[in-house]
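> Have a look at this one.
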Amino acid sequence: MTIIKGTGSVLPETVVPNSKFDDHIFYDKDGVRNDRPGEEITAKLEAITGIRERRYVPMDQDSRPLMTEAARLAVADAGLGLNDLDGIIVTHNAGNILIGEHAFHTVPNMAAYLKNALEITNHECFAYDILFACPGWLQAVIQAHQAIECGDAENVLVVGIEIASRMLDPHDVDSMILGDGCGAAVFSRSPKDEGVVSHATFSHANKDIDAIYLGRSNNEDVPGSCWFKMNGKEVYRYATTWVPQVIKKALDKAKLSVSEVDMFLFHQANEKLNQAIANNLAHLYEIAAESFLGKLPMTIQFLGNTSVATIPTMLDLILKKKLGEYEISKGNTVVMASVGAGMHCNALVYKF
Ligand SMILES: CC(C)(COP(=O)(O)OP(=O)(O)OC[C@H]1O[C@@H](n2cnc3c(N)ncnc32)[C@H](O)[C@@H]1OP(=O)(O)O)[C@@H](O)C(=O)NCCC(=O)NCCS
């Protein structure tokens, strides 16, 4: 089986409360200025998403320090040496975000940068990236599991690094939804009867292809064409329709029912959205949504949506007992599920 051997995460040091956006000038996608008072706009954001604050990396940092620190924490937590790793997979949305530039660099790739920063000398340790939007980290876990299952690797480090802050259009209200972060975990082969039980992935990539994309600022005077953009309603519709189904697919493969799940680690895009996913999942199994009470931890309120960093950060916080009352005990079955640009969604069933 493939088990989680160690986890690590880093919360960037700059805390950005909603009030920081009160004096932003917002426009809609057609360039029409939003004349509402700033406080009203940010209050609305909190009401519809649950987000109170998010964190950004300092402007004098590129993406590498955060990813290196989270990776070191995960490997130390696993009790392994850096040269014990047989593989590194890094997931992100824009490669290395450079200081002082609105530019993304993907050459060399992030896993190569990470391997270099960790000074790993074992050249047989592979180091590649996965570009799969927000579900990237979970997809990388699936690939790590496959590498371990087929005998290619014993220990694989999987990192999710998101520096959204540098691609957020200051004139788009949806920019307030995202934040920066990094989470990592080491996956290892184990003879024990625990670990990854099953997984499922859906890639639709059809009519929802433009639901999330990089494009121009809502303010036509702002240069650049790589600002984060989304059609929130389309994202909402896709996520609430397909995430429950991909979870069911993974649970069916594991021959488990939803009532046997002790905790759900959902991608954090919006408090209301996650509740709607849970309601639809309950509906699929014809059970009451109340049965999920206490099983749906959230980080969205203080981290915002940190894309690929979301699930590994939440997992690390729970395993280190830093997320309120949430605890995972031996024998617990946990479902992780994510969704994002493409559109894609995935789910993984894990027995602790
Ligand atoms: C974006 C999203 C929050 C909008 O929620 P919604 O309830 O569908 O919002 P609506 O478009 O109906 O707008 C409702 C109100 O909120 C306002 N609003 C919408 N988005 C807003 C935002 N980001 N910030 C502040 N106000 C916002 C609208 O102006 C509208 O105001 P009104 O009722 O006073 O006219 C929601 O669709 C969503 O969470 N989608 C997924 C988001 C996501 O995280 N995607 C990232 C990739 S996984």
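Every chain in the structure tokens takes a letter, A first, then B, and so on in the order presented; its residues are numbered from 1, and the ligands are numbered from 1 following the presented order.
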Enumerate residues in contact with ligand 1: an atom-to-atom distance of at most 7 Å, counting only C-alpha atoms and all ligand atoms. Format the result as a short mmCIF file (atom, residue, chain, number, x, y, z; two decimals) with C-alpha atoms, in the first residue's frame.

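Generated file (pocket-v2.cif):
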```cif
data_model
loop_
_atom_site.label_atom_id
_atom_site.label_comp_id
_atom_site.auth_asym_id
_atom_site.auth_seq_id
_atom_site.Cartn_x
_atom_site.Cartn_y
_atom_site.Cartn_z
CA ILE A 41 -18.27 44.82 -1.74
CA THR A 42 -15.97 43.13 0.76
CA LYS A 44 -20.63 40.68 0.18
CA LEU A 45 -17.51 38.64 -0.56
CA ILE A 48 -21.00 34.55 -0.26
CA THR A 49 -17.67 32.76 0.32
CA CYS A 134 -6.41 23.07 -8.39
CA VAL A 173 -13.71 41.21 -7.16
CA ASP A 174 -12.95 37.51 -7.71
CA SER A 175 -9.30 38.23 -6.93
CA MET A 176 -10.27 38.39 -3.25
CA ILE A 177 -11.04 34.65 -3.33
CA ILE A 212 -11.30 29.54 -15.35
CA MET A 230 -13.15 32.94 -13.76
CA GLY A 232 -17.74 31.81 -10.80
CA LYS A 233 -21.23 30.56 -11.59
CA VAL A 235 -17.31 26.85 -11.71
CA TYR A 236 -19.99 26.51 -9.06
CA ALA A 269 -13.14 27.38 -3.12
CA ASN A 270 -16.06 28.73 -1.14
CA LEU A 273 -19.97 25.70 -2.52
CA ASN A 305 -8.61 29.36 -2.02
CA SER A 307 -5.45 26.05 -5.25
CA VAL A 339 -11.88 20.54 -8.74
CA GLY A 340 -10.47 23.21 -11.03
CA ALA A 341 -9.70 24.79 -14.40
#
```
> Excluding Trp242 in chain A and any residue of its chain fewer than 4 positions from it, enumerate the residues within 12 Å of it, using only C-alpha atoms, and give them as a PyMOL selection string.
chain A and resi 200-204+235-238+246-249+276-278+280-281+284+337-340+343-347
> Could those selected residues go to a file with C-alpha atoms, as a PDB file, in the first residue's frame?

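Below is the file part.pdb, written as the result:
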```
ATOM      1  CA  ALA A 200     -10.937   8.533  -9.606  1.00  0.00           C
ATOM      2  CA  THR A 201     -10.382  11.432 -12.007  1.00  0.00           C
ATOM      3  CA  PHE A 202     -12.714  13.143 -14.485  1.00  0.00           C
ATOM      4  CA  SER A 203     -11.396  15.537 -17.155  1.00  0.00           C
ATOM      5  CA  HIS A 204     -14.310  17.120 -18.987  1.00  0.00           C
ATOM      6  CA  VAL A 235     -17.307  26.845 -11.705  1.00  0.00           C
ATOM      7  CA  TYR A 236     -19.992  26.506  -9.055  1.00  0.00           C
ATOM      8  CA  ARG A 237     -22.257  24.520 -11.368  1.00  0.00           C
ATOM      9  CA  TYR A 238     -19.470  22.171 -12.506  1.00  0.00           C
ATOM     10  CA  VAL A 246     -16.203  11.586  -8.760  1.00  0.00           C
ATOM     11  CA  ILE A 247     -16.294  10.895  -5.010  1.00  0.00           C
ATOM     12  CA  LYS A 248     -18.926   8.211  -5.571  1.00  0.00           C
ATOM     13  CA  LYS A 249     -16.800   6.684  -8.325  1.00  0.00           C
ATOM     14  CA  ALA A 276     -23.636  22.358  -1.712  1.00  0.00           C
ATOM     15  CA  ILE A 277     -21.202  19.590  -2.768  1.00  0.00           C
ATOM     16  CA  ALA A 278     -21.877  17.810   0.530  1.00  0.00           C
ATOM     17  CA  ASN A 280     -25.495  16.759  -3.448  1.00  0.00           C
ATOM     18  CA  LEU A 281     -23.300  13.892  -2.265  1.00  0.00           C
ATOM     19  CA  LEU A 284     -26.700  10.715  -4.380  1.00  0.00           C
ATOM     20  CA  ALA A 337     -11.550  15.674  -3.460  1.00  0.00           C
ATOM     21  CA  SER A 338     -10.684  18.605  -5.677  1.00  0.00           C
ATOM     22  CA  VAL A 339     -11.876  20.536  -8.736  1.00  0.00           C
ATOM     23  CA  GLY A 340     -10.474  23.207 -11.030  1.00  0.00           C
ATOM     24  CA  MET A 343     -12.580  21.583 -15.889  1.00  0.00           C
ATOM     25  CA  HIS A 344     -11.238  18.579 -13.988  1.00  0.00           C
ATOM     26  CA  CYS A 345     -12.112  16.924 -10.697  1.00  0.00           C
ATOM     27  CA  ASN A 346     -10.681  14.029  -8.711  1.00  0.00           C
ATOM     28  CA  ALA A 347     -11.118  12.081  -5.474  1.00  0.00           C
TER      29      ALA A 347
END
```
> Determine, counting only C-alpha atoms, which protein, DNA and RNA residues have an atom within 8 Å of an atom of Asp77 in chain A; residues of the same chain fewer than 2 positions away are not included. Present the result as a PyMOL selection string.
chain A and resi 5-8+73-75+79-80
> Quick one: of A:Ile209, A:Ile88, A:Leu323, A:Leu118, who's nearest to Pro297 in chain A, counting only C-alpha atoms?
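That would be A:Leu323, the residue with the smallest distance to Pro297 in chain A.
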> Just the number, please: distance in Å from CA of His123 in chain A to CA of Val141 in chain A, one decimal.
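Distance between the two atoms: 21.3 Å.
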> Mind the document's chain letters and residue numbers, and return as a ChimeraX atom specification the residues of range 33-223 of chain A that DSSP labels strand (DSSP E or B).
/A:33,53-56,87-91,96-97,104-105,126-130,155-162,178,181-189,195-203,212-215
> Please identify which residues in range 82-145 of chain A DSSP calls helix (DSSP H, G or I) from the backbone, and express them as an NGL selection string.
:A and (82-84 or 110-117 or 136-145)
> Can you pull out the residues contacting Ser165 in chain A? Cut-off 7 Å, using only C-alpha atoms, and skip same-chain residues under 2 positions away; I want them as a PyMOL selection string.
chain A and resi 56+163+167-168+179-180
> Generate the output file for the selected residues, C-alpha atoms, as a PDB file, in the first residue's frame.

```pdb
ATOM      1  CA  TYR A  56       0.413  36.419   0.530  1.00  0.00           C
ATOM      2  CA  ILE A 163       1.521  32.055  -5.385  1.00  0.00           C
ATOM      3  CA  MET A 167      -1.612  36.945 -10.826  1.00  0.00           C
ATOM      4  CA  LEU A 168      -4.619  38.577  -9.192  1.00  0.00           C
ATOM      5  CA  GLY A 179      -4.424  33.274  -1.550  1.00  0.00           C
ATOM      6  CA  ASP A 180      -0.878  31.886  -1.420  1.00  0.00           C
TER       7      ASP A 180
END
```
> Have a look at A:Ala78, A:Val107, A:Ala133, A:Val222 and name the one nearest to Asn155 in chain A; count only C-alpha atoms.
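For Asn155 in chain A, the nearest of the candidates is A:Ala78.
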> Taking only C-alpha atoms into account, which of A:Met1, A:Ala164, A:Val334, A:Val258 comes nearest Cys150 in chain A?
A:Met1
> What does the distance between CA of Gly342 in chain A and CA of Pro135 in chain A come to in Å, to one decimal place?
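Taking CA of Gly342 in chain A and CA of Pro135 in chain A, their separation equals 10.1 Å.
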> Excluding Thr310 in chain A and its own-chain neighbours fewer than 3 positions away, which residues fall within 10 Å of it when counting only C-alpha atoms? Please give them as a list in words.
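Residues near the query, excluding close chain neighbours: Ser9, Cys134, Pro135, Trp137, Gly160, Ile161, Glu162, Gly179, Asp180, Gly181, Cys182, Gly183, Leu265, Phe266, His267, Gln268, Ala269, Met298, Thr299, Ile300, Leu303, Gly304, Asn305, Thr306, Ser307, Thr313, Met314, Leu315 and Ser338 of chain A.
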> Would you export the selected residues with N, CA and C atoms as a PDB file, in the first residue's frame, please?

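Saved as result.pdb:
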```
ATOM      1  N   SER A   9       3.658  22.073   5.861  1.00  0.00           N
ATOM      2  CA  SER A   9       3.028  23.184   5.133  1.00  0.00           C
ATOM      3  C   SER A   9       3.578  24.493   5.671  1.00  0.00           C
ATOM      4  N   CYS A 134      -6.267  23.336  -9.833  1.00  0.00           N
ATOM      5  CA  CYS A 134      -6.414  23.074  -8.390  1.00  0.00           C
ATOM      6  C   CYS A 134      -6.338  21.587  -8.029  1.00  0.00           C
ATOM      7  N   PRO A 135      -6.859  20.659  -8.868  1.00  0.00           N
ATOM      8  CA  PRO A 135      -6.757  19.238  -8.492  1.00  0.00           C
ATOM      9  C   PRO A 135      -5.348  18.657  -8.713  1.00  0.00           C
ATOM     10  N   TRP A 137      -2.499  18.738  -7.024  1.00  0.00           N
ATOM     11  CA  TRP A 137      -1.799  18.023  -5.938  1.00  0.00           C
ATOM     12  C   TRP A 137      -2.360  16.612  -5.779  1.00  0.00           C
ATOM     13  N   GLY A 160       2.469  21.004  -3.391  1.00  0.00           N
ATOM     14  CA  GLY A 160       1.538  21.917  -4.077  1.00  0.00           C
ATOM     15  C   GLY A 160       1.905  23.346  -3.697  1.00  0.00           C
ATOM     16  N   ILE A 161       2.342  24.134  -4.670  1.00  0.00           N
ATOM     17  CA  ILE A 161       2.769  25.519  -4.388  1.00  0.00           C
ATOM     18  C   ILE A 161       1.913  26.498  -5.189  1.00  0.00           C
ATOM     19  N   GLU A 162       1.298  27.430  -4.474  1.00  0.00           N
ATOM     20  CA  GLU A 162       0.444  28.426  -5.139  1.00  0.00           C
ATOM     21  C   GLU A 162       0.835  29.838  -4.708  1.00  0.00           C
ATOM     22  N   GLY A 179      -5.535  32.960  -2.437  1.00  0.00           N
ATOM     23  CA  GLY A 179      -4.424  33.274  -1.550  1.00  0.00           C
ATOM     24  C   GLY A 179      -3.231  32.395  -1.868  1.00  0.00           C
ATOM     25  N   ASP A 180      -2.108  32.653  -1.177  1.00  0.00           N
ATOM     26  CA  ASP A 180      -0.878  31.886  -1.420  1.00  0.00           C
ATOM     27  C   ASP A 180      -0.702  30.821  -0.338  1.00  0.00           C
ATOM     28  N   GLY A 181       0.036  29.779  -0.682  1.00  0.00           N
ATOM     29  CA  GLY A 181       0.345  28.755   0.324  1.00  0.00           C
ATOM     30  C   GLY A 181       1.145  27.634  -0.289  1.00  0.00           C
ATOM     31  N   CYS A 182       1.627  26.746   0.579  1.00  0.00           N
ATOM     32  CA  CYS A 182       2.329  25.569   0.085  1.00  0.00           C
ATOM     33  C   CYS A 182       2.156  24.412   1.061  1.00  0.00           C
ATOM     34  N   GLY A 183       1.807  23.267   0.525  1.00  0.00           N
ATOM     35  CA  GLY A 183       1.680  22.057   1.341  1.00  0.00           C
ATOM     36  C   GLY A 183       2.428  20.927   0.666  1.00  0.00           C
ATOM     37  N   LEU A 265     -11.834  15.877   2.998  1.00  0.00           N
ATOM     38  CA  LEU A 265     -10.959  17.030   2.792  1.00  0.00           C
ATOM     39  C   LEU A 265     -11.242  17.562   1.396  1.00  0.00           C
ATOM     40  N   PHE A 266     -12.118  18.558   1.327  1.00  0.00           N
ATOM     41  CA  PHE A 266     -12.521  19.131   0.038  1.00  0.00           C
ATOM     42  C   PHE A 266     -11.616  20.296  -0.330  1.00  0.00           C
ATOM     43  N   HIS A 267     -11.397  20.455  -1.620  1.00  0.00           N
ATOM     44  CA  HIS A 267     -10.772  21.684  -2.100  1.00  0.00           C
ATOM     45  C   HIS A 267     -11.587  22.857  -1.571  1.00  0.00           C
ATOM     46  N   GLN A 268     -10.908  23.925  -1.177  1.00  0.00           N
ATOM     47  CA  GLN A 268     -11.607  25.047  -0.547  1.00  0.00           C
ATOM     48  C   GLN A 268     -11.748  26.196  -1.540  1.00  0.00           C
ATOM     49  N   ALA A 269     -12.918  26.298  -2.167  1.00  0.00           N
ATOM     50  CA  ALA A 269     -13.138  27.384  -3.116  1.00  0.00           C
ATOM     51  C   ALA A 269     -14.138  28.381  -2.545  1.00  0.00           C
ATOM     52  N   MET A 298     -12.658  23.067   7.276  1.00  0.00           N
ATOM     53  CA  MET A 298     -12.524  24.187   6.327  1.00  0.00           C
ATOM     54  C   MET A 298     -11.329  25.053   6.714  1.00  0.00           C
ATOM     55  N   THR A 299     -10.648  25.544   5.703  1.00  0.00           N
ATOM     56  CA  THR A 299      -9.573  26.517   5.939  1.00  0.00           C
ATOM     57  C   THR A 299      -9.852  27.806   5.164  1.00  0.00           C
ATOM     58  N   ILE A 300     -10.920  27.776   4.346  1.00  0.00           N
ATOM     59  CA  ILE A 300     -11.225  28.891   3.449  1.00  0.00           C
ATOM     60  C   ILE A 300     -11.331  30.225   4.205  1.00  0.00           C
ATOM     61  N   LEU A 303      -7.575  31.200   4.943  1.00  0.00           N
ATOM     62  CA  LEU A 303      -6.555  31.028   3.895  1.00  0.00           C
ATOM     63  C   LEU A 303      -7.061  31.390   2.500  1.00  0.00           C
ATOM     64  N   GLY A 304      -8.370  31.500   2.320  1.00  0.00           N
ATOM     65  CA  GLY A 304      -8.920  31.671   0.981  1.00  0.00           C
ATOM     66  C   GLY A 304      -8.700  30.401   0.190  1.00  0.00           C
ATOM     67  N   ASN A 305      -8.842  30.509  -1.134  1.00  0.00           N
ATOM     68  CA  ASN A 305      -8.607  29.361  -2.019  1.00  0.00           C
ATOM     69  C   ASN A 305      -7.125  29.374  -2.403  1.00  0.00           C
ATOM     70  N   THR A 306      -6.375  28.375  -1.908  1.00  0.00           N
ATOM     71  CA  THR A 306      -4.935  28.335  -2.232  1.00  0.00           C
ATOM     72  C   THR A 306      -4.647  27.257  -3.274  1.00  0.00           C
ATOM     73  N   SER A 307      -5.616  26.955  -4.106  1.00  0.00           N
ATOM     74  CA  SER A 307      -5.451  26.046  -5.246  1.00  0.00           C
ATOM     75  C   SER A 307      -4.752  24.741  -4.835  1.00  0.00           C
ATOM     76  N   THR A 313      -2.160  21.390   2.737  1.00  0.00           N
ATOM     77  CA  THR A 313      -2.063  22.281   3.906  1.00  0.00           C
ATOM     78  C   THR A 313      -3.083  21.855   4.959  1.00  0.00           C
ATOM     79  N   MET A 314      -4.312  21.600   4.515  1.00  0.00           N
ATOM     80  CA  MET A 314      -5.371  21.219   5.463  1.00  0.00           C
ATOM     81  C   MET A 314      -5.013  19.888   6.139  1.00  0.00           C
ATOM     82  N   LEU A 315      -4.494  18.954   5.350  1.00  0.00           N
ATOM     83  CA  LEU A 315      -4.093  17.648   5.886  1.00  0.00           C
ATOM     84  C   LEU A 315      -3.009  17.827   6.950  1.00  0.00           C
ATOM     85  N   SER A 338     -11.005  17.267  -5.184  1.00  0.00           N
ATOM     86  CA  SER A 338     -10.684  18.605  -5.677  1.00  0.00           C
ATOM     87  C   SER A 338     -11.304  18.858  -7.052  1.00  0.00           C
TER      88      SER A 338
END
```
> Hey, could you make a per-residue contact list for range 64-148 of chain A against range 192-195 of chain A with 12 Å as the cut-off, showing the nearest pair of atoms and its distance in Å to one decimal, counting only C-alpha atoms, sorted by chain and number, as a Markdown table?

```
| residue | atom | partner | partner_atom | distance |
| --- | --- | --- | --- | --- |
| A:Val141 | CA | A:Gly195 | CA | 11.6 |
| A:Ile142 | CA | A:Gly195 | CA | 11.9 |
| A:His145 | CA | A:Gly195 | CA | 9.7 |
| A:Ile148 | CA | A:Gly195 | CA | 12.0 |
```
> Can I get the selection written as a short mmCIF file (atom, residue, chain, number, x, y, z; two decimals), in the first residue's frame, with C-alpha atoms?

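Listing of again.cif after writing:
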```
data_model
loop_
_atom_site.label_atom_id
_atom_site.label_comp_id
_atom_site.auth_asym_id
_atom_site.auth_seq_id
_atom_site.Cartn_x
_atom_site.Cartn_y
_atom_site.Cartn_z
CA VAL A 141 -0.57 11.90 -5.24
CA ILE A 142 -2.27 9.45 -7.64
CA HIS A 145 0.93 6.04 -5.71
CA ILE A 148 5.13 3.18 -5.83
#
```
> So which one's closest to Phe126 in chain A, A:Asn109, A:Asn274, A:Thr68, A:Thr2? Using only C-alpha atoms, please.
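Between A:Asn109, A:Asn274, A:Thr68, A:Thr2, the residue approaching Phe126 in chain A most closely is A:Asn109.
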> Here is a test: counting only C-alpha atoms, which residue of A:Glu101, A:Glu154, A:Glu271, A:Glu220 is nearest to Arg52 in chain A?
A:Glu271
> Hey, which of A:Ile318, A:Ala127, A:Ala282, A:Leu114 ends up closest to Ala140 in chain A? Count only C-alpha atoms.
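Using only C-alpha atoms, Ala140 in chain A sits closest to A:Ala127.
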> One decimal, Å: what's the distance from CA of Phe132 in chain A over to CA of Thr106 in chain A, could you say?
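So the two atoms, CA of Phe132 in chain A and CA of Thr106 in chain A, lie 14.1 Å apart.
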